[in-house]
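Here's run-v1.txt, which has compact mmCIF, C-alpha atoms:
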# COMPACT_ATOMS: atom_id res chain seq x y z
CA MET A 1 -33.48 12.44 18.52
CA LYS A 2 -34.42 15.04 15.91
CA ILE A 3 -32.17 15.72 12.95
CA ASP A 4 -31.46 19.34 13.99
CA GLU A 5 -30.21 18.06 17.37
CA ASP A 6 -27.99 15.53 15.59
CA LEU A 7 -26.52 18.32 13.47
CA GLU A 8 -25.72 20.31 16.61
CA ARG A 9 -23.89 17.28 17.97
CA TRP A 10 -21.98 17.05 14.70
CA LYS A 11 -20.83 20.67 14.96
CA ARG A 12 -19.32 19.85 18.35
CA GLN A 13 -17.74 16.58 17.20
CA GLU A 14 -16.44 17.57 13.76
CA PRO A 15 -13.12 19.05 15.02
CA LYS A 16 -12.40 15.81 16.91
CA PHE A 17 -13.03 13.74 13.79
CA LYS A 18 -10.68 15.95 11.76
CA GLU A 19 -7.97 15.44 14.36
CA LEU A 20 -8.71 11.71 14.45
CA LYS A 21 -8.33 11.56 10.67
CA LYS A 22 -4.74 12.85 10.86
CA TYR A 23 -3.81 10.38 13.58
CA VAL A 24 -5.37 7.33 11.90
CA CYS A 25 -3.85 8.12 8.47
CA THR A 26 -0.39 8.62 9.97
CA SER A 27 -0.68 5.39 11.99
CA LEU A 28 -1.89 3.32 9.03
CA LYS A 29 0.83 4.65 6.75
CA SER A 30 3.52 3.81 9.32
CA LEU A 31 2.11 0.35 10.11
CA LEU A 32 1.74 -0.66 6.46
CA ARG A 33 5.16 0.71 5.54
CA SER A 34 6.81 -1.24 8.36
CA ASN A 35 5.28 -4.37 6.83
CA GLY A 36 6.52 -3.44 3.35
CA ILE A 37 3.07 -2.74 1.91
CA ASN A 38 2.83 0.24 -0.43
CA VAL A 39 -0.74 1.57 -0.73
CA VAL A 40 -2.69 4.72 -1.47
CA ILE A 41 -4.55 6.07 1.57
CA GLN A 42 -7.48 8.44 1.09
CA ALA A 43 -9.53 10.00 3.89
CA ARG A 44 -12.44 12.34 4.36
CA VAL A 45 -14.60 13.66 7.18
CA LYS A 46 -18.25 14.09 6.20
CA ASP A 47 -19.40 17.69 6.00
CA GLU A 48 -22.60 18.90 7.67
CA LEU A 49 -24.65 18.66 4.47
CA SER A 50 -23.58 15.05 3.92
CA ILE A 51 -24.49 14.17 7.53
CA TYR A 52 -27.90 15.82 7.06
CA LYS A 53 -28.66 14.04 3.77
CA LYS A 54 -27.69 10.64 5.11
CA LEU A 55 -29.87 11.11 8.19
CA VAL A 56 -32.79 12.08 5.95
CA GLU A 57 -32.17 9.15 3.61
CA LYS A 58 -31.95 6.60 6.45
CA ARG A 59 -34.56 8.04 8.83
CA ASN A 60 -37.13 5.35 8.08
CA LYS A 61 -34.61 2.54 8.50
CA ARG A 62 -35.09 0.60 11.68
CA ARG A 63 -32.31 0.97 14.25
CA TYR A 64 -30.42 3.58 12.20
CA SER A 65 -29.35 6.71 14.08
CA TYR A 66 -26.64 9.35 14.28
CA ASP A 67 -24.68 7.12 16.66
CA ARG A 68 -24.85 4.22 14.21
CA MET A 69 -23.40 6.34 11.41
CA HIS A 70 -19.91 4.81 11.56
CA ASP A 71 -18.56 6.47 8.42
CA LYS A 72 -18.48 10.07 9.66
CA LEU A 73 -14.76 9.56 9.14
CA GLY A 74 -13.95 7.35 6.18
CA ILE A 75 -10.49 5.96 5.41
CA ARG A 76 -9.85 4.19 2.11
CA ILE A 77 -6.86 1.93 1.52
CA ILE A 78 -6.20 1.09 -2.15
CA CYS A 79 -3.72 -1.73 -2.69
CA LYS A 80 -2.36 -3.27 -5.87
CA PHE A 81 -3.16 -6.95 -5.38
CA HIS A 82 -6.08 -8.84 -3.88
CA ASP A 83 -3.78 -11.15 -1.90
CA GLU A 84 -2.55 -8.12 0.09
CA ILE A 85 -6.00 -7.56 1.62
CA PRO A 86 -5.83 -10.32 4.30
CA THR A 87 -2.46 -8.97 5.50
CA ILE A 88 -3.80 -5.41 5.64
CA CYS A 89 -6.87 -6.60 7.58
CA LYS A 90 -4.67 -8.45 10.08
CA ILE A 91 -2.51 -5.35 10.64
CA ILE A 92 -5.64 -3.27 11.29
CA ASN A 93 -7.15 -5.91 13.60
CA ASP A 94 -3.90 -6.13 15.57
CA ASN A 95 -3.63 -2.37 16.09
CA PHE A 96 -7.21 -1.07 16.19
CA ASP A 97 -10.49 -2.11 17.77
CA VAL A 98 -12.46 -3.56 14.84
CA LYS A 99 -16.13 -3.99 15.72
CA LYS A 100 -17.40 -5.19 12.35
CA ASN A 101 -15.71 -6.72 9.31
CA GLU A 102 -17.75 -6.97 6.12
CA ASP A 103 -16.49 -8.39 2.84
CA LYS A 104 -18.97 -7.03 0.29
CA VAL A 105 -18.16 -9.79 -2.22
CA THR A 106 -19.81 -12.38 0.05
CA ASN A 107 -23.13 -10.55 -0.44
CA TYR A 108 -23.35 -11.68 -4.07
CA LYS A 109 -24.35 -14.98 -5.63
CA TYR A 110 -22.15 -16.59 -8.27
CA ASP A 111 -24.04 -14.84 -11.09
CA GLN A 112 -24.15 -11.36 -9.53
CA GLN A 113 -21.93 -8.30 -9.79
CA GLY A 114 -21.78 -5.24 -7.57
CA TYR A 115 -19.66 -3.06 -5.35
CA LYS A 116 -16.58 -4.88 -4.02
CA GLY A 117 -14.46 -4.05 -1.02
CA THR A 118 -13.85 -4.88 2.62
CA HIS A 119 -15.33 -2.53 5.22
CA LEU A 120 -14.13 -2.38 8.83
CA ASP A 121 -16.11 -0.44 11.46
CA THR A 122 -13.30 0.61 13.75
CA LYS A 123 -12.34 2.54 16.88
CA LEU A 124 -9.03 3.25 18.58
CA LYS A 125 -8.09 0.68 21.19
CA SER A 126 -9.19 1.68 24.69
CA THR A 127 -5.61 1.24 25.91
CA ASP A 128 -4.55 4.38 24.02
CA GLU A 129 -4.79 6.66 27.08
CA LYS A 130 -3.33 9.72 25.39
CA PHE A 131 -6.16 9.57 22.85
CA LYS A 132 -9.02 9.19 25.32
CA LYS A 133 -10.74 12.22 23.74
CA PHE A 134 -11.41 9.96 20.73
CA ARG A 135 -13.08 7.24 22.78
CA GLY A 136 -16.39 6.12 21.34
CA LEU A 137 -15.69 7.67 17.92
CA PHE A 138 -16.15 5.15 15.13
CA PHE A 139 -14.53 5.40 11.72
CA GLU A 140 -14.87 3.19 8.66
CA ILE A 141 -11.86 1.73 6.87
CA GLN A 142 -12.48 0.53 3.32
CA ILE A 143 -9.92 -1.75 1.68
CA ARG A 144 -9.98 -2.44 -2.03
CA THR A 145 -7.68 -3.17 -4.95
CA MET A 146 -7.12 -0.75 -7.81
CA CYS A 147 -9.50 -2.76 -10.00
CA ASP A 148 -12.11 -2.74 -7.22
CA HIS A 149 -11.62 1.01 -6.95
CA VAL A 150 -12.37 1.57 -10.64
CA TRP A 151 -15.57 -0.46 -10.33
CA ALA A 152 -16.56 1.28 -7.06
CA ASP A 153 -16.12 4.69 -8.65
CA ILE A 154 -18.37 3.73 -11.56
CA TYR A 155 -20.82 1.88 -9.32
CA HIS A 156 -21.20 4.40 -6.49
CA ASN A 157 -20.09 7.84 -7.63
CA VAL A 158 -21.40 7.72 -11.21
CA GLY A 159 -24.39 5.61 -10.20
CA TYR A 160 -23.96 3.06 -13.00
CA LYS A 161 -25.49 0.01 -11.32
CA PRO A 162 -26.95 -2.80 -13.45
CA GLU A 163 -30.36 -2.46 -11.77
CA ASN A 164 -30.43 1.28 -12.61
CA MET A 165 -29.85 0.82 -16.34
CA PRO A 166 -32.90 1.54 -18.56
CA THR A 167 -32.45 -1.41 -20.98
CA ASP A 168 -31.50 -5.07 -20.63
CA ASP A 169 -28.61 -4.61 -23.09
CA MET A 170 -27.11 -1.86 -20.92
CA LYS A 171 -27.61 -3.96 -17.78
CA ARG A 172 -25.80 -6.88 -19.41
CA GLU A 173 -22.98 -4.66 -20.69
CA LEU A 174 -22.35 -3.22 -17.23
CA HIS A 175 -22.57 -6.68 -15.66
CA CYS A 176 -19.93 -7.93 -18.13
CA LEU A 177 -17.71 -4.95 -17.35
CA GLY A 178 -17.78 -5.86 -13.67
CA SER A 179 -16.81 -9.43 -14.57
CA VAL A 180 -13.90 -8.23 -16.73
CA LEU A 181 -12.54 -6.11 -13.89
CA GLU A 182 -12.88 -9.03 -11.45
CA ILE A 183 -10.99 -11.33 -13.82
CA ALA A 184 -8.31 -8.67 -14.33
CA ASP A 185 -7.95 -8.28 -10.56
CA LYS A 186 -7.47 -12.02 -10.04
CA SER A 187 -5.08 -12.25 -13.02
CA PHE A 188 -2.86 -9.44 -11.70
CA SER A 189 -2.66 -11.18 -8.32
CA LYS A 190 -1.82 -14.52 -9.95
CA ILE A 191 0.92 -12.99 -12.10
CA HIS A 192 2.32 -11.26 -9.02
CA SER A 193 2.46 -14.60 -7.19
CA ASP A 194 3.80 -16.55 -10.18
CA VAL A 195 6.67 -14.13 -10.73
CA MET A 196 7.95 -15.00 -7.25
CA LEU A 197 7.82 -18.75 -8.01
CA ILE A 198 10.10 -18.71 -11.08
CA ASP A 199 13.61 -19.79 -10.07
CA VAL A 200 15.34 -18.12 -13.01
CA LEU A 201 17.33 -15.05 -11.95
CA ASN A 202 15.49 -12.25 -13.73
CA PRO A 203 15.12 -8.52 -12.97
CA GLN A 204 11.32 -8.60 -12.52
CA SER A 205 11.47 -11.28 -9.81
CA MET A 206 14.41 -9.57 -8.13
CA LEU A 207 12.52 -6.28 -8.05
CA GLU A 208 9.37 -7.94 -6.67
CA PHE A 209 11.47 -9.35 -3.84
CA LEU A 210 13.47 -6.18 -3.12
CA LYS A 211 10.59 -3.70 -3.10
CA THR A 212 9.16 -4.95 0.23
CA PRO A 213 12.31 -4.35 2.34
CA PHE A 214 13.00 -1.21 0.30
CA TYR A 215 9.65 0.29 1.24
CA GLN A 216 10.14 -0.79 4.87
CA ILE A 217 13.53 0.90 5.17
CA PHE A 218 13.70 3.69 2.57
CA ALA A 219 9.97 4.50 2.18
CA SER A 220 10.54 6.11 -1.20
CA SER A 221 8.93 5.98 -4.60
CA TYR A 222 11.06 4.48 -7.36
CA ARG A 223 11.14 4.14 -11.14
CA VAL A 224 10.32 0.58 -12.19
CA ASN A 225 11.99 0.65 -15.62
CA TYR A 226 15.14 2.20 -14.15
CA SER A 227 15.27 -0.65 -11.60
CA ILE A 228 14.73 -3.30 -14.29
CA ASN A 229 17.56 -1.91 -16.43
CA ASN A 230 19.90 -1.61 -13.45
CA LEU A 231 19.19 -5.11 -12.16
CA ASN A 232 19.89 -6.44 -15.68
CA PHE A 233 23.25 -4.69 -15.50
CA PHE A 234 24.09 -6.17 -12.07
CA THR A 235 23.05 -9.75 -12.94
CA PRO A 236 26.45 -10.83 -14.44
CA LEU A 237 28.20 -9.56 -11.29
CA LEU A 238 25.78 -11.55 -9.14
CA ASN A 239 26.47 -14.62 -11.31
CA LYS A 240 30.20 -14.10 -10.82
CA ASN A 241 29.60 -14.14 -7.06
CA GLY A 242 27.76 -17.45 -7.12
CA ILE A 243 24.16 -16.23 -7.40
CA ASN A 244 22.64 -17.97 -10.41
CA SER A 245 19.02 -18.60 -9.41
CA PHE A 246 16.23 -16.55 -7.89
CA LYS A 247 16.21 -18.86 -4.86
CA GLU A 248 19.90 -18.12 -4.25
CA PHE A 249 19.25 -14.42 -4.73
CA LYS A 250 16.39 -14.37 -2.19
CA ASN A 251 18.48 -16.29 0.32
CA GLU A 252 21.58 -14.10 -0.04
CA MET A 253 19.65 -10.83 -0.02
CA SER A 254 17.53 -11.89 2.97
CA ILE A 255 20.63 -12.71 5.01
CA PHE A 256 22.39 -9.52 3.89
CA ILE A 257 19.44 -7.19 4.59
CA ASP A 258 18.66 -8.78 7.98
CA ALA A 259 22.31 -8.59 9.05
CA ASN A 260 22.62 -4.94 8.01
CA LYS A 261 19.16 -3.60 8.78
CA ASN A 262 20.26 -1.05 11.40
CA ARG A 263 23.02 0.18 9.11
CA LEU A 264 20.58 0.54 6.22
CA VAL A 265 18.08 2.45 8.38
CA ILE A 266 20.81 4.87 9.48
CA ILE A 267 21.84 5.48 5.85
CA SER A 268 18.20 6.03 4.86
CA ASP A 269 17.75 8.59 7.67
CA ASP A 270 21.13 10.35 7.44
CA TYR A 271 21.34 10.68 3.65
CA ARG A 272 17.72 11.43 2.75
CA ASP A 273 18.80 14.85 1.48
CA ALA A 274 21.03 13.05 -1.03
CA PHE A 275 18.04 11.43 -2.77
CA LEU A 276 18.04 14.35 -5.22
CA ARG A 277 21.72 14.04 -6.15
CA ASN A 278 22.19 10.27 -6.23
CA PRO A 279 19.24 8.47 -7.87
CA LEU A 280 20.36 4.99 -6.82
CA ILE A 281 19.90 5.55 -3.09
CA SER A 282 16.15 5.78 -3.68
CA GLN A 283 15.85 2.63 -5.84
CA PRO A 284 15.33 -0.96 -4.59
CA GLU A 285 18.53 -2.15 -6.28
CA ILE A 286 20.45 -0.18 -3.64
CA PHE A 287 20.56 -3.45 -1.64
CA VAL A 288 22.34 -5.19 -4.53
CA ILE A 289 24.83 -2.33 -4.81
CA PHE A 290 25.69 -2.43 -1.10
CA TYR A 291 25.93 -6.23 -1.30
CA LEU A 292 28.40 -6.02 -4.21
CA ILE A 293 30.42 -3.31 -2.43
CA ASP A 294 30.82 -5.82 0.40
CA LYS A 295 31.44 -8.91 -1.73
CA ASP A 296 33.12 -7.73 -4.95
CA ARG A 297 34.04 -4.06 -4.86
CA PHE A 298 36.79 -4.46 -7.46
CA GLY A 299 34.47 -6.24 -9.90
CA LEU A 300 31.81 -3.58 -9.28
CA ARG A 301 34.32 -0.77 -9.78
CA GLY A 302 35.51 -2.32 -13.07
CA GLU A 303 32.01 -2.43 -14.55
CA TRP A 304 30.42 0.65 -12.98
CA GLU A 305 31.21 3.34 -15.54
CA LYS A 306 29.63 1.31 -18.33
CA GLN A 307 26.24 2.26 -16.85
CA PHE A 308 26.59 4.95 -14.16
CA ASP A 309 28.36 8.12 -13.14
CA MET A 310 31.37 7.25 -10.96
CA ARG A 311 30.32 9.92 -8.45
CA TYR A 312 27.32 7.78 -7.52
CA LEU A 313 29.56 4.85 -6.52
CA GLU A 314 31.91 7.14 -4.58
CA ASP A 315 28.99 8.43 -2.54
CA LEU A 316 27.35 5.04 -1.97
CA SER A 317 30.54 3.22 -1.04
CA THR A 318 31.58 6.03 1.34
CA TRP A 319 28.18 5.93 3.06
CA TRP A 320 28.50 2.15 3.32
CA GLY A 321 31.93 2.52 4.93
CA ILE A 322 34.06 0.97 2.15
CA PRO A 323 35.09 3.92 -0.07
CA ILE A 324 35.68 3.20 -3.75
CA LEU A 325 37.35 6.19 -5.35
CA ARG A 326 38.10 7.24 -8.89
CA ASP A 327 41.58 6.52 -10.23

Mind turning the file's structure into structure tokens?
Amino acid sequence: MKIDEDLERWKRQEPKFKELKKYVCTSLKSLLRSNGINVVIQARVKDELSIYKKLVEKRNKRRYSYDRMHDKLGIRIICKFHDEIPTICKIINDNFDVKKNEDKVTNYKYDQQGYKGTHLDTKLKSTDEKFKKFRGLFFEIQIRTMCDHVWADIYHNVGYKPENMPTDDMKRELHCLGSVLEIADKSFSKIHSDVMLIDVLNPQSMLEFLKTPFYQIFASSYRVNYSINNLNFFTPLLNKNGINSFKEFKNEMSIFIDANKNRLVIISDDYRDAFLRNPLISQPEIFVIFYLIDKDRFGLRGEWEKQFDMRYLEDLSTWWGIPILRD
């Protein structure tokens, strides 16, 4: 089929791809949130010029055609840690029709550097009857970490590839840069895992544990340093209530959150407008506050004003159903 005929097909299909983009992005955001994974999702639909240039570039490639151009719609998922990628891939495989899964890292030998990321050639599942107008439309999902994303931006968009560099010194320098980013990526993932293995009750480990259910239920951004300071403040109260190790904290919080999940979801939905007047409702330590309201409201009340405005506790305790009022 000639390129001008392909471009006519694209003009007819482009509105469908734009609609598909909205649906896929919304679905992915909801699915990942429900699994407690906080990511950045980027998406684009190729414009006509980009379609044309790719067809020209690939026209001499055997078996390449307009129909085999599976990235007319491209979705990019950028996560923080490499060990999140298998979970993200499983979620996508469970909810979409993945026709091809390619881990770009496996293309390189031990002494090579290049573009890194996982690419999934994907369609909607055929069982989605209400979306039958999208049947047969492929889209590409790219999954990469933040470190991978930095390298990909340099590698693809700027065009700084080792083989393109004019001197051996520049090739080596760029190769080393790719290695540094790969080491950084693995180190961040290891630190993330190690933090969860330390059994000392510390605010960083508590926050790492709380942020997954927080994102599932409250789906809000939060300030990390504010959480660290607040969890430091609550630690003596947790100690007083028999929680002295991270293992005990995880166990108690898991039981508490599971037992009160419906209640927490209702509070998140009903009091979302209050996020701008009570900063604690949109922080992961909200679970600890509700737990202490249940377990030790008098101890919490006695310490509260050393760190917070009493109005915040009045609101939170009232929403929880155990009002704690000012004297």

* To do: Have a look at A:Arg144, A:Leu73, A:Gln13, A:Glu84 and name the one nearest to A:Asp103; count all atoms listed in the file.
  =>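 Closest to A:Asp103, using all atoms listed in the file: A:Arg144.
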
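The space between atom CA of A:Asp294 and atom CA of A:Ile267 spans 15.4 Å.
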
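Excluding A:Ser205 and any residue on its chain fewer than 3 positions from it, the residues at most 10 Å away by only C-alpha atoms are His192, Ser193, Asp194, Val195, Met196, Leu197, Ile198, Asp199, Val200, Leu201, Asn202, Glu208, Phe209, Leu210, Ile228, Phe246, Phe249 and Lys250 of chain A.
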
* Asked: For A:Pro236, which of A:Leu280, A:Leu300, A:Val45, A:Cys79 is the closest residue, counting all atoms listed in the file?
  -> A:Leu300

* Find the residues around A:Asp97 up to 9 Å (all atoms listed in the file counted), leave out those fewer than 6 positions away in its own chain, and share them as a list in words. =>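 Skipping anything fewer than 6 positions along the chain leaves Asp121, Thr122, Lys123, Leu124, Lys125 and Ser126 of chain A.
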
Who sits within 10 Å of A:Trp319, only C-alpha atoms, same chain under 5 positions skipped, as a compact mmCIF listing (two decimals) with C-alpha atoms, keeping the file's coordinate frame:
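Dumped to selection_34.txt:
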# COMPACT_ATOMS: atom_id res chain seq x y z
CA ARG A 263 23.02 0.18 9.11
CA LEU A 264 20.58 0.54 6.22
CA ILE A 266 20.81 4.87 9.48
CA ILE A 267 21.84 5.48 5.85
CA ASP A 270 21.13 10.35 7.44
CA TYR A 271 21.34 10.68 3.65
CA PHE A 290 25.69 -2.43 -1.10
CA LEU A 313 29.56 4.85 -6.52
CA GLU A 314 31.91 7.14 -4.58

* **Counting all atoms listed in the file, the residue of A:Phe139, A:His149, A:Lys80, A:Tyr52 that sits nearest A:Lys11** =>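 Of all the options, A:Tyr52 lies closest to A:Lys11.
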